[in-house]
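Structure file work08.cif; described as mmCIF, C-alpha atoms and all ligand atoms; chains and numbers go by the auth columns.
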```
data_data
#
loop_
_atom_site.group_PDB
_atom_site.id
_atom_site.type_symbol
_atom_site.label_atom_id
_atom_site.label_comp_id
_atom_site.label_asym_id
_atom_site.label_seq_id
_atom_site.Cartn_x
_atom_site.Cartn_y
_atom_site.Cartn_z
_atom_site.B_iso_or_equiv
_atom_site.auth_seq_id
_atom_site.auth_asym_id
ATOM 1 C CA MET A 1 57.815 100.472 93.978 0.00 1334 B
ATOM 2 C CA SER A 2 56.163 102.074 97.021 0.00 1335 B
ATOM 3 C CA GLU A 3 57.206 105.654 97.854 0.00 1336 B
ATOM 4 C CA LYS A 4 57.904 104.853 101.447 0.00 1337 B
ATOM 5 C CA ALA A 5 61.046 103.099 102.572 0.00 1338 B
ATOM 6 C CA ASN A 6 60.668 99.799 104.390 0.00 1339 B
ATOM 7 C CA VAL A 7 62.419 99.879 107.738 0.00 1340 B
ATOM 8 C CA ALA A 8 63.241 97.062 110.152 0.00 1341 B
ATOM 9 C CA VAL A 9 63.843 98.204 113.730 0.00 1342 B
ATOM 10 C CA PHE A 10 66.128 96.050 115.899 0.00 1343 B
ATOM 11 C CA ILE A 11 65.591 96.158 119.658 0.00 1344 B
ATOM 12 C CA SER A 12 66.596 94.306 122.817 0.00 1345 B
ATOM 13 C CA GLY A 13 64.416 95.973 125.422 0.00 1346 B
ATOM 14 C CA GLY A 14 61.708 98.449 126.266 0.00 1347 B
ATOM 15 C CA GLY A 15 61.634 100.054 122.867 0.00 1348 B
ATOM 16 C CA THR A 16 60.916 103.699 123.647 0.00 1349 B
ATOM 17 C CA ASN A 17 62.987 104.673 120.592 0.00 1350 B
ATOM 18 C CA LEU A 18 61.004 102.151 118.551 0.00 1351 B
ATOM 19 C CA GLN A 19 57.867 103.911 119.789 0.00 1352 B
ATOM 20 C CA SER A 20 59.165 107.306 118.701 0.00 1353 B
ATOM 21 C CA LEU A 21 59.853 105.899 115.213 0.00 1354 B
ATOM 22 C CA ILE A 22 56.381 104.302 115.078 0.00 1355 B
ATOM 23 C CA ASN A 23 54.807 107.600 116.153 0.00 1356 B
ATOM 24 C CA ALA A 24 56.802 109.588 113.594 0.00 1357 B
ATOM 25 C CA SER A 25 55.764 107.255 110.784 0.00 1358 B
ATOM 26 C CA HIS A 26 52.104 107.486 111.843 0.00 1359 B
ATOM 27 C CA GLU A 27 52.349 111.282 111.993 0.00 1360 B
ATOM 28 C CA GLY A 28 53.878 111.458 108.523 0.00 1361 B
ATOM 29 C CA LYS A 29 57.198 112.782 109.858 0.00 1362 B
ATOM 30 C CA LEU A 30 59.010 109.674 108.682 0.00 1363 B
ATOM 31 C CA SER A 31 58.450 108.541 105.115 0.00 1364 B
ATOM 32 C CA ALA A 32 58.881 104.950 106.120 0.00 1365 B
ATOM 33 C CA THR A 33 56.830 101.920 106.930 0.00 1366 B
ATOM 34 C CA ILE A 34 58.165 99.922 109.831 0.00 1367 B
ATOM 35 C CA VAL A 35 57.666 96.481 108.346 0.00 1368 B
ATOM 36 C CA LEU A 36 59.372 94.360 110.988 0.00 1369 B
ATOM 37 C CA VAL A 37 60.678 94.564 114.544 0.00 1370 B
ATOM 38 C CA VAL A 38 63.556 92.218 115.306 0.00 1371 B
ATOM 39 C CA SER A 39 64.299 91.501 118.950 0.00 1372 B
ATOM 40 C CA ARG A 40 67.231 89.693 120.385 0.00 1373 B
ATOM 41 C CA ARG A 41 65.118 88.752 123.392 0.00 1374 B
ATOM 42 C CA GLU A 42 61.664 87.356 123.975 0.00 1375 B
ATOM 43 C CA ASN A 43 59.283 88.935 126.462 0.00 1376 B
ATOM 44 C CA VAL A 44 60.527 92.495 126.087 0.00 1377 B
ATOM 45 C CA TYR A 45 58.099 95.373 126.095 0.00 1378 B
ATOM 46 C CA GLY A 46 59.296 96.578 122.696 0.00 1379 B
ATOM 47 C CA LEU A 47 57.657 93.494 121.146 0.00 1380 B
ATOM 48 C CA GLU A 48 54.393 94.461 122.787 0.00 1381 B
ATOM 49 C CA ARG A 49 54.713 97.950 121.280 0.00 1382 B
ATOM 50 C CA ALA A 50 55.187 96.358 117.847 0.00 1383 B
ATOM 51 C CA HIS A 51 52.163 94.082 118.270 0.00 1384 B
ATOM 52 C CA ARG A 52 50.007 97.016 119.300 0.00 1385 B
ATOM 53 C CA ALA A 53 51.057 98.907 116.192 0.00 1386 B
ATOM 54 C CA GLY A 54 50.298 95.864 114.024 0.00 1387 B
ATOM 55 C CA ILE A 55 53.952 95.345 113.092 0.00 1388 B
ATOM 56 C CA ASP A 56 55.309 91.838 112.533 0.00 1389 B
ATOM 57 C CA THR A 57 58.020 90.679 114.909 0.00 1390 B
ATOM 58 C CA PHE A 58 60.902 88.252 114.752 0.00 1391 B
ATOM 59 C CA VAL A 59 62.866 87.045 117.762 0.00 1392 B
ATOM 60 C CA TYR A 60 66.394 86.465 116.530 0.00 1393 B
ATOM 61 C CA ASN A 61 68.352 84.039 118.663 0.00 1394 B
ATOM 62 C CA PRO A 62 71.517 82.816 116.908 0.00 1395 B
ATOM 63 C CA LYS A 63 71.802 79.974 119.425 0.00 1396 B
ATOM 64 C CA ARG A 64 68.744 78.308 117.943 0.00 1397 B
ATOM 65 C CA TYR A 65 70.596 77.572 114.707 0.00 1398 B
ATOM 66 C CA PRO A 66 73.117 74.819 113.995 0.00 1399 B
ATOM 67 C CA ASP A 67 75.849 77.428 113.427 0.00 1400 B
ATOM 68 C CA LYS A 68 76.488 81.151 113.018 0.00 1401 B
ATOM 69 C CA GLN A 69 76.332 80.996 109.260 0.00 1402 B
ATOM 70 C CA ALA A 70 72.844 79.497 109.307 0.00 1403 B
ATOM 71 C CA ALA A 71 71.712 82.175 111.779 0.00 1404 B
ATOM 72 C CA HIS A 72 73.111 85.006 109.674 0.00 1405 B
ATOM 73 C CA LYS A 73 71.597 83.574 106.510 0.00 1406 B
ATOM 74 C CA ASP A 74 68.165 83.373 108.109 0.00 1407 B
ATOM 75 C CA LEU A 75 68.386 86.969 109.338 0.00 1408 B
ATOM 76 C CA ILE A 76 69.317 88.218 105.876 0.00 1409 B
ATOM 77 C CA GLU A 77 66.542 86.170 104.289 0.00 1410 B
ATOM 78 C CA MET A 78 64.123 87.720 106.750 0.00 1411 B
ATOM 79 C CA MET A 79 65.240 91.196 105.628 0.00 1412 B
ATOM 80 C CA GLU A 80 64.763 90.157 102.011 0.00 1413 B
ATOM 81 C CA SER A 81 61.329 88.679 102.577 0.00 1414 B
ATOM 82 C CA TYR A 82 60.159 91.993 104.063 0.00 1415 B
ATOM 83 C CA ALA A 83 61.922 93.974 101.303 0.00 1416 B
ATOM 84 C CA VAL A 84 63.749 95.948 103.985 0.00 1417 B
ATOM 85 C CA ASP A 85 65.490 99.104 102.710 0.00 1418 B
ATOM 86 C CA TYR A 86 66.872 100.433 106.015 0.00 1419 B
ATOM 87 C CA ILE A 87 67.682 98.953 109.409 0.00 1420 B
ATOM 88 C CA ALA A 88 67.357 101.114 112.533 0.00 1421 B
ATOM 89 C CA LEU A 89 69.017 99.785 115.666 0.00 1422 B
ATOM 90 C CA ALA A 90 67.176 101.024 118.738 0.00 1423 B
ATOM 91 C CA GLY A 91 68.710 99.599 121.866 0.00 1424 B
ATOM 92 C CA TYR A 92 70.031 96.534 120.035 0.00 1425 B
ATOM 93 C CA LEU A 93 72.986 95.363 122.089 0.00 1426 B
ATOM 94 C CA ASN A 94 74.851 93.012 119.765 0.00 1427 B
ATOM 95 C CA LEU A 95 77.157 93.488 116.808 0.00 1428 B
ATOM 96 C CA LEU A 96 75.398 92.711 113.535 0.00 1429 B
ATOM 97 C CA PRO A 97 76.675 89.937 111.276 0.00 1430 B
ATOM 98 C CA GLU A 98 79.271 91.332 108.852 0.00 1431 B
ATOM 99 C CA SER A 99 77.328 89.918 105.919 0.00 1432 B
ATOM 100 C CA LEU A 100 74.320 92.010 106.934 0.00 1433 B
ATOM 101 C CA VAL A 101 76.446 95.146 107.427 0.00 1434 B
ATOM 102 C CA ARG A 102 77.961 94.654 103.962 0.00 1435 B
ATOM 103 C CA LYS A 103 74.569 94.165 102.330 0.00 1436 B
ATOM 104 C CA TYR A 104 73.074 97.251 104.000 0.00 1437 B
ATOM 105 C CA ARG A 105 76.174 99.456 104.024 0.00 1438 B
ATOM 106 C CA ASN A 106 75.172 103.109 104.721 0.00 1439 B
ATOM 107 C CA ARG A 107 71.579 102.031 105.331 0.00 1440 B
ATOM 108 C CA ILE A 108 71.897 100.925 108.971 0.00 1441 B
ATOM 109 C CA THR A 109 71.563 103.470 111.774 0.00 1442 B
ATOM 110 C CA ASN A 110 72.070 103.320 115.520 0.00 1443 B
ATOM 111 C CA ILE A 111 71.266 105.659 118.384 0.00 1444 B
ATOM 112 C CA HIS A 112 73.798 106.050 121.171 0.00 1445 B
ATOM 113 C CA PRO A 113 73.111 107.882 124.458 0.00 1446 B
ATOM 114 C CA ALA A 114 76.242 110.072 124.476 0.00 1447 B
ATOM 115 C CA LEU A 115 78.160 112.441 122.245 0.00 1448 B
ATOM 116 C CA LEU A 116 80.219 110.054 120.136 0.00 1449 B
ATOM 117 C CA PRO A 117 83.106 109.602 119.599 0.00 1450 B
ATOM 118 C CA LYS A 118 83.240 110.036 123.380 0.00 1451 B
ATOM 119 C CA HIS A 119 81.888 107.249 125.570 0.00 1452 B
ATOM 120 C CA GLY A 120 81.293 104.652 122.882 0.00 1453 B
ATOM 121 C CA GLY A 121 82.577 101.195 122.026 0.00 1454 B
ATOM 122 C CA LYS A 122 82.134 97.683 123.337 0.00 1455 B
ATOM 123 C CA GLY A 123 80.490 97.522 126.740 0.00 1456 B
ATOM 124 C CA MET A 124 79.344 101.134 126.564 0.00 1457 B
ATOM 125 C CA PHE A 125 75.598 100.815 126.767 0.00 1458 B
ATOM 126 C CA GLY A 126 72.804 101.775 129.139 0.00 1459 B
ATOM 127 C CA HIS A 127 73.874 103.040 132.563 0.00 1460 B
ATOM 128 C CA HIS A 128 77.569 102.338 131.793 0.00 1461 B
ATOM 129 C CA VAL A 129 77.544 105.260 129.382 0.00 1462 B
ATOM 130 C CA HIS A 130 75.996 107.739 131.803 0.00 1463 B
ATOM 131 C CA GLU A 131 78.257 106.585 134.637 0.00 1464 B
ATOM 132 C CA ALA A 132 81.278 107.201 132.416 0.00 1465 B
ATOM 133 C CA VAL A 133 80.063 110.680 131.433 0.00 1466 B
ATOM 134 C CA ILE A 134 79.580 111.646 135.086 0.00 1467 B
ATOM 135 C CA ALA A 135 82.887 110.074 136.153 0.00 1468 B
ATOM 136 C CA ALA A 136 84.698 112.022 133.422 0.00 1469 B
ATOM 137 C CA GLY A 137 83.279 115.274 134.810 0.00 1470 B
ATOM 138 C CA ASP A 138 81.762 116.211 131.451 0.00 1471 B
ATOM 139 C CA THR A 139 79.487 119.221 131.577 0.00 1472 B
ATOM 140 C CA GLU A 140 77.489 118.108 128.574 0.00 1473 B
ATOM 141 C CA SER A 141 76.242 114.879 127.111 0.00 1474 B
ATOM 142 C CA GLY A 142 73.607 114.077 124.518 0.00 1475 B
ATOM 143 C CA ALA A 143 72.475 111.646 121.884 0.00 1476 B
ATOM 144 C CA THR A 144 74.092 110.566 118.628 0.00 1477 B
ATOM 145 C CA VAL A 145 72.572 108.911 115.587 0.00 1478 B
ATOM 146 C CA HIS A 146 75.229 107.312 113.418 0.00 1479 B
ATOM 147 C CA LEU A 147 75.694 104.855 110.592 0.00 1480 B
ATOM 148 C CA VAL A 148 76.647 101.333 111.559 0.00 1481 B
ATOM 149 C CA ASP A 149 79.761 99.583 110.343 0.00 1482 B
ATOM 150 C CA GLU A 150 81.661 96.542 111.600 0.00 1483 B
ATOM 151 C CA ILE A 151 82.935 98.301 114.736 0.00 1484 B
ATOM 152 C CA TYR A 152 80.819 99.325 117.752 0.00 1485 B
ATOM 153 C CA ASP A 153 79.694 102.984 117.628 0.00 1486 B
ATOM 154 C CA ASN A 154 82.135 103.782 114.860 0.00 1487 B
ATOM 155 C CA GLY A 155 80.217 104.791 111.723 0.00 1488 B
ATOM 156 C CA ARG A 156 79.658 108.290 110.356 0.00 1489 B
ATOM 157 C CA ILE A 157 77.717 110.601 112.657 0.00 1490 B
ATOM 158 C CA LEU A 158 74.379 111.698 111.165 0.00 1491 B
ATOM 159 C CA LEU A 159 72.953 113.867 113.939 0.00 1492 B
ATOM 160 C CA GLN A 160 73.723 114.851 117.522 0.00 1493 B
ATOM 161 C CA LYS A 161 71.917 116.880 120.142 0.00 1494 B
ATOM 162 C CA LYS A 162 73.429 118.029 123.421 0.00 1495 B
ATOM 163 C CA VAL A 163 71.991 118.180 126.915 0.00 1496 B
ATOM 164 C CA PRO A 164 73.657 119.626 130.009 0.00 1497 B
ATOM 165 C CA VAL A 165 75.092 117.413 132.728 0.00 1498 B
ATOM 166 C CA LEU A 166 73.955 118.925 136.029 0.00 1499 B
ATOM 167 C CA PRO A 167 76.098 118.868 139.190 0.00 1500 B
ATOM 168 C CA ASP A 168 73.669 116.634 141.071 0.00 1501 B
ATOM 169 C CA ASP A 169 72.969 114.257 138.186 0.00 1502 B
ATOM 170 C CA THR A 170 72.840 110.520 138.771 0.00 1503 B
ATOM 171 C CA PRO A 171 73.189 108.083 135.853 0.00 1504 B
ATOM 172 C CA ASP A 172 69.385 107.714 135.952 0.00 1505 B
ATOM 173 C CA SER A 173 68.577 111.416 135.865 0.00 1506 B
ATOM 174 C CA LEU A 174 71.061 111.989 133.059 0.00 1507 B
ATOM 175 C CA ALA A 175 69.709 108.959 131.130 0.00 1508 B
ATOM 176 C CA ALA A 176 66.183 110.372 131.301 0.00 1509 B
ATOM 177 C CA ARG A 177 67.326 113.757 129.942 0.00 1510 B
ATOM 178 C CA VAL A 178 69.280 112.108 127.132 0.00 1511 B
ATOM 179 C CA LEU A 179 66.405 109.740 126.279 0.00 1512 B
ATOM 180 C CA GLU A 180 64.134 112.706 125.591 0.00 1513 B
ATOM 181 C CA VAL A 181 66.466 114.021 122.915 0.00 1514 B
ATOM 182 C CA GLU A 182 66.964 110.500 121.528 0.00 1515 B
ATOM 183 C CA HIS A 183 63.243 110.351 120.831 0.00 1516 B
ATOM 184 C CA GLU A 184 63.435 113.755 119.190 0.00 1517 B
ATOM 185 C CA ILE A 185 66.429 113.205 116.902 0.00 1518 B
ATOM 186 C CA TYR A 186 66.133 109.572 115.786 0.00 1519 B
ATOM 187 C CA PRO A 187 63.138 110.082 113.477 0.00 1520 B
ATOM 188 C CA ILE A 188 64.732 113.260 112.054 0.00 1521 B
ATOM 189 C CA ALA A 189 68.070 111.581 111.352 0.00 1522 B
ATOM 190 C CA LEU A 190 66.416 108.556 109.741 0.00 1523 B
ATOM 191 C CA GLU A 191 64.171 110.743 107.613 0.00 1524 B
ATOM 192 C CA ASN A 192 67.174 112.773 106.420 0.00 1525 B
ATOM 193 C CA LEU A 193 69.014 109.589 105.503 0.00 1526 B
ATOM 194 C CA ILE A 194 66.019 108.214 103.597 0.00 1527 B
ATOM 195 C CA GLN A 195 65.639 111.531 101.780 0.00 1528 B
ATOM 196 C CA GLY A 196 69.344 111.505 100.937 0.00 1529 B
ATOM 197 C CA LYS A 197 70.017 114.748 102.813 0.00 1530 B
HETATM 198 C C1 LIG B . 68.709 104.003 124.437 0.00 1601 B
HETATM 199 O O1 LIG B . 69.295 104.777 125.436 0.00 1601 B
HETATM 200 C C2 LIG B . 69.621 103.953 123.237 0.00 1601 B
HETATM 201 O O2 LIG B . 70.382 105.080 123.083 0.00 1601 B
HETATM 202 C C3 LIG B . 70.508 102.800 123.579 0.00 1601 B
HETATM 203 O O3 LIG B . 69.680 101.881 124.241 0.00 1601 B
HETATM 204 C C4 LIG B . 68.577 102.557 124.831 0.00 1601 B
HETATM 205 C C5 LIG B . 67.339 101.901 124.318 0.00 1601 B
HETATM 206 O O4 LIG B . 66.193 102.363 124.941 0.00 1601 B
HETATM 207 N N1 LIG B . 71.183 102.336 122.398 0.00 1601 B
HETATM 208 P P1 LIG B . 64.786 101.961 124.371 0.00 1601 B
HETATM 209 O O5 LIG B . 64.706 100.436 124.330 0.00 1601 B
HETATM 210 O O6 LIG B . 64.635 102.567 123.014 0.00 1601 B
HETATM 211 O O7 LIG B . 63.805 102.518 125.350 0.00 1601 B
#
```
Would you mind writing the structure in this file as structure tokens?
Amino acid sequence: MSEKANVAVFISGGGTNLQSLINASHEGKLSATIVLVVSRRENVYGLERAHRAGIDTFVYNPKRYPDKQAAHKDLIEMMESYAVDYIALAGYLNLLPESLVRKYRNRITNIHPALLPKHGGKGMFGHHVHEAVIAAGDTESGATVHLVDEIYDNGRILLQKKVPVLPDDTPDSLAARVLEVEHEIYPIALENLIQGK
């Protein structure tokens, strides 16, 4: 058995968190090999980042299968064929199949751009999150890495880091501040999980 854990990263977009995980694994800060990048969409920049790093990619579109069951089965078989130990969601916008969550219980992580349990749940992604934080008048926000279960943004919190919300913040300026700490904490949280800390 190899010493490093095999990780699949699931994305839907630009993949800056994917990039921070790739960088951390190249720098030896993450004892993991990213063996596969799964994207829900074609033509996203995250796939380009994977190609540049020499990582295999798989575009997962459940609509291309005769039914949900066939789609879920193929996704799980893909994880098996790459001997995936951990799954890191990085901007992946959909709920995972329950069969996959069951199989990888406590080995799937997600990063959320707010301080969960506040500002999470269905529909709370991207600018919606930062708009809600500003609308609530919160004076701090941040990033949360958590385990994934069957409910959106619900699993055990692994690591959080706060940032201030400034009086003149827009959703974009707040998102940029939060994204910086996302890139910082995701590799640390994943490494701690892999090391059993
Ligand atoms: C991040 O803000 C992450 O917290 C959220 O989706 C965004 C993904 O950004 N889940 P990127 O694709 O990693 O750049």
Practice task
Write out as an MDAnalysis selection string the residues lying within 7 Å of stretch 1463-1475 of chain B, counting all atoms listed in the file and excluding same-chain residues fewer than 5 positions away.
Solution key: chainID B and resid 1446:1448 1452 1494:1498 1504 1507:1508 1511
Exercise for the section: Let me have all residues with an atom within 6 Å of ligand LIG 1601 (chain B), counting only C-alpha atoms and all ligand atoms, laid out as a PyMOL selection string. Expected result: chain B and resi 1346-1351+1423-1424+1444-1446+1459+1512
Practice task
Kindly indicate which residue among B:Thr1442, B:Thr1503, B:Asn1487, B:Asn1356 lies nearest to B:His1460, using only C-alpha atoms for the distances.
Solution key: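 Among the listed residues, the smallest separation from B:His1460 belongs to B:Thr1503.
With all atoms listed in the file as the basis for measurement, B:Ala1476 is the residue among B:Ile1344, B:Ala1476, B:Met1457, B:Val1434 that approaches B:Glu1515 most closely.
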Practice task
Quote the spacing between atom CA of B:Glu1524 and atom CA of B:Leu1363 in Å to one decimal place.
Solution key: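 About the pair atom CA of B:Glu1524 and atom CA of B:Leu1363: they are 5.4 Å apart.
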Practice task
Starting from the displayed file, determine the output of the PyMOL selection byres (((chain B and resi 1521) around 12) and not hetatm) and express the residue list as a ChimeraX atom specification.
Solution key: /B:1353-1354,1357-1358,1361-1365,1442,1444,1477-1478,1491-1494,1514-1520,1522-1528,1530
Compile the contact shell of B:Tyr1415 as a PDB file with C-alpha atoms, keeping the file's coordinate frame: residues with an atom at most 12 Å away, counting all atoms listed in the file, same-chain residues fewer than 6 positions apart removed.
```pdb
ATOM      1  CA  ALA B1338      61.046 103.099 102.572  1.00  0.00           C
ATOM      2  CA  ASN B1339      60.668  99.799 104.390  1.00  0.00           C
ATOM      3  CA  VAL B1340      62.419  99.879 107.738  1.00  0.00           C
ATOM      4  CA  ALA B1341      63.241  97.062 110.152  1.00  0.00           C
ATOM      5  CA  THR B1366      56.830 101.920 106.930  1.00  0.00           C
ATOM      6  CA  ILE B1367      58.165  99.922 109.831  1.00  0.00           C
ATOM      7  CA  VAL B1368      57.666  96.481 108.346  1.00  0.00           C
ATOM      8  CA  LEU B1369      59.372  94.360 110.988  1.00  0.00           C
ATOM      9  CA  VAL B1370      60.678  94.564 114.544  1.00  0.00           C
ATOM     10  CA  VAL B1371      63.556  92.218 115.306  1.00  0.00           C
ATOM     11  CA  ILE B1388      53.952  95.345 113.092  1.00  0.00           C
ATOM     12  CA  ASP B1389      55.309  91.838 112.533  1.00  0.00           C
ATOM     13  CA  THR B1390      58.020  90.679 114.909  1.00  0.00           C
ATOM     14  CA  PHE B1391      60.902  88.252 114.752  1.00  0.00           C
ATOM     15  CA  LEU B1408      68.386  86.969 109.338  1.00  0.00           C
ATOM     16  CA  ILE B1409      69.317  88.218 105.876  1.00  0.00           C
TER      17      ILE B1409
END
```
Handout entry: Nearest to B:Asn1443, chosen from B:Gln1402, B:Asp1501, B:Val1342, B:His1384, with all atoms listed in the file counted in the distances
Key =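 Going through B:Gln1402, B:Asp1501, B:Val1342, B:His1384 one by one, the smallest distance to B:Asn1443 is for B:Val1342.
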Practice task
Can you work out which one of B:Ile1420, B:Lys1436, B:Asp1505, B:His1479 has the shortest atom-to-atom distance to B:His1461, counting all atoms listed in the file?
Solution key: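 Between B:Ile1420, B:Lys1436, B:Asp1505, B:His1479, the residue approaching B:His1461 most closely is B:Asp1505.
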Problem - Separation of atom CA of B:Glu1336 from atom CA of B:Ile1355, in Å and rounded to one decimal - result: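 One can read the atom CA of B:Glu1336 to atom CA of B:Ile1355 distance as 17.3 Å.
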Practice task
Kindly give the distance, in Å, that separates atom CA of B:Leu1480 and atom CA of B:Ile1441, rounded to a single decimal.
Solution key: 5.7 Å
Practice task
Convert the output of the PyMOL selection byres (((chain B and resi 1454) around 6) and not hetatm) on the shown file into explicit residues, formatted as a list in words.
Solution key: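 Expected selection for the PyMOL selection byres (((chain B and resi 1454) around 6) and not hetatm) here is Gly1453, Lys1455, Met1457, Tyr1485 and Asp1486 of chain B.
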Edge lengths and centre in Å, axis-aligned, stretch 1488-1493 of chain B plus 4 Å each side, as lines of an AutoDock Vina configuration file:
```
center_x = 76.6
center_y = 109.8
center_z = 113.9
size_x = 15.3
size_y = 18.1
size_z = 15.2
```
Stretch 1360-1379 of chain B rebuilt with N, CA and C atoms, output as an mmCIF file, in the frame of the given file:
```
data_model
loop_
_atom_site.group_PDB
_atom_site.id
_atom_site.type_symbol
_atom_site.label_atom_id
_atom_site.label_comp_id
_atom_site.auth_asym_id
_atom_site.auth_seq_id
_atom_site.Cartn_x
_atom_site.Cartn_y
_atom_site.Cartn_z
ATOM 1 N N GLU B 1360 52.618 109.840 112.120
ATOM 2 C CA GLU B 1360 52.349 111.282 111.993
ATOM 3 C C GLU B 1360 52.835 111.845 110.662
ATOM 4 N N GLY B 1361 53.405 110.991 109.825
ATOM 5 C CA GLY B 1361 53.878 111.458 108.523
ATOM 6 C C GLY B 1361 55.206 112.197 108.587
ATOM 7 N N LYS B 1362 55.890 112.117 109.736
ATOM 8 C CA LYS B 1362 57.198 112.782 109.858
ATOM 9 C C LYS B 1362 58.331 111.893 109.374
ATOM 10 N N LEU B 1363 58.009 110.648 109.140
ATOM 11 C CA LEU B 1363 59.010 109.674 108.682
ATOM 12 C C LEU B 1363 58.401 108.976 107.472
ATOM 13 N N SER B 1364 59.043 109.172 106.314
ATOM 14 C CA SER B 1364 58.450 108.541 105.115
ATOM 15 C C SER B 1364 58.895 107.092 105.036
ATOM 16 N N ALA B 1365 58.474 106.345 106.026
ATOM 17 C CA ALA B 1365 58.881 104.950 106.120
ATOM 18 C C ALA B 1365 57.742 104.126 106.703
ATOM 19 N N THR B 1366 57.723 102.881 106.300
ATOM 20 C CA THR B 1366 56.830 101.920 106.930
ATOM 21 C C THR B 1366 57.713 100.988 107.746
ATOM 22 N N ILE B 1367 57.406 100.878 109.022
ATOM 23 C CA ILE B 1367 58.165 99.922 109.831
ATOM 24 C C ILE B 1367 57.533 98.555 109.562
ATOM 25 N N VAL B 1368 58.259 97.744 108.824
ATOM 26 C CA VAL B 1368 57.666 96.481 108.346
ATOM 27 C C VAL B 1368 57.960 95.323 109.289
ATOM 28 N N LEU B 1369 58.986 95.475 110.130
ATOM 29 C CA LEU B 1369 59.372 94.360 110.988
ATOM 30 C C LEU B 1369 60.138 94.876 112.196
ATOM 31 N N VAL B 1370 59.871 94.288 113.345
ATOM 32 C CA VAL B 1370 60.678 94.564 114.544
ATOM 33 C C VAL B 1370 61.409 93.278 114.895
ATOM 34 N N VAL B 1371 62.724 93.366 114.954
ATOM 35 C CA VAL B 1371 63.556 92.218 115.306
ATOM 36 C C VAL B 1371 64.034 92.405 116.738
ATOM 37 N N SER B 1372 63.822 91.402 117.568
ATOM 38 C CA SER B 1372 64.299 91.501 118.950
ATOM 39 C C SER B 1372 65.255 90.355 119.248
ATOM 40 N N ARG B 1373 66.275 90.703 119.987
ATOM 41 C CA ARG B 1373 67.231 89.693 120.385
ATOM 42 C C ARG B 1373 66.671 88.866 121.539
ATOM 43 N N ARG B 1374 65.689 89.435 122.230
ATOM 44 C CA ARG B 1374 65.118 88.752 123.392
ATOM 45 C C ARG B 1374 63.620 88.608 123.258
ATOM 46 N N GLU B 1375 63.115 87.514 123.880
ATOM 47 C CA GLU B 1375 61.664 87.356 123.975
ATOM 48 C C GLU B 1375 61.178 88.154 125.177
ATOM 49 N N ASN B 1376 59.906 88.325 125.275
ATOM 50 C CA ASN B 1376 59.283 88.935 126.462
ATOM 51 C C ASN B 1376 59.814 90.320 126.798
ATOM 52 N N VAL B 1377 60.157 91.107 125.791
ATOM 53 C CA VAL B 1377 60.527 92.495 126.087
ATOM 54 C C VAL B 1377 59.365 93.388 125.663
ATOM 55 N N TYR B 1378 59.262 94.522 126.323
ATOM 56 C CA TYR B 1378 58.099 95.373 126.095
ATOM 57 C C TYR B 1378 58.073 95.955 124.676
ATOM 58 N N GLY B 1379 59.244 96.083 124.079
ATOM 59 C CA GLY B 1379 59.296 96.578 122.696
ATOM 60 C C GLY B 1379 58.485 95.701 121.754
#
```
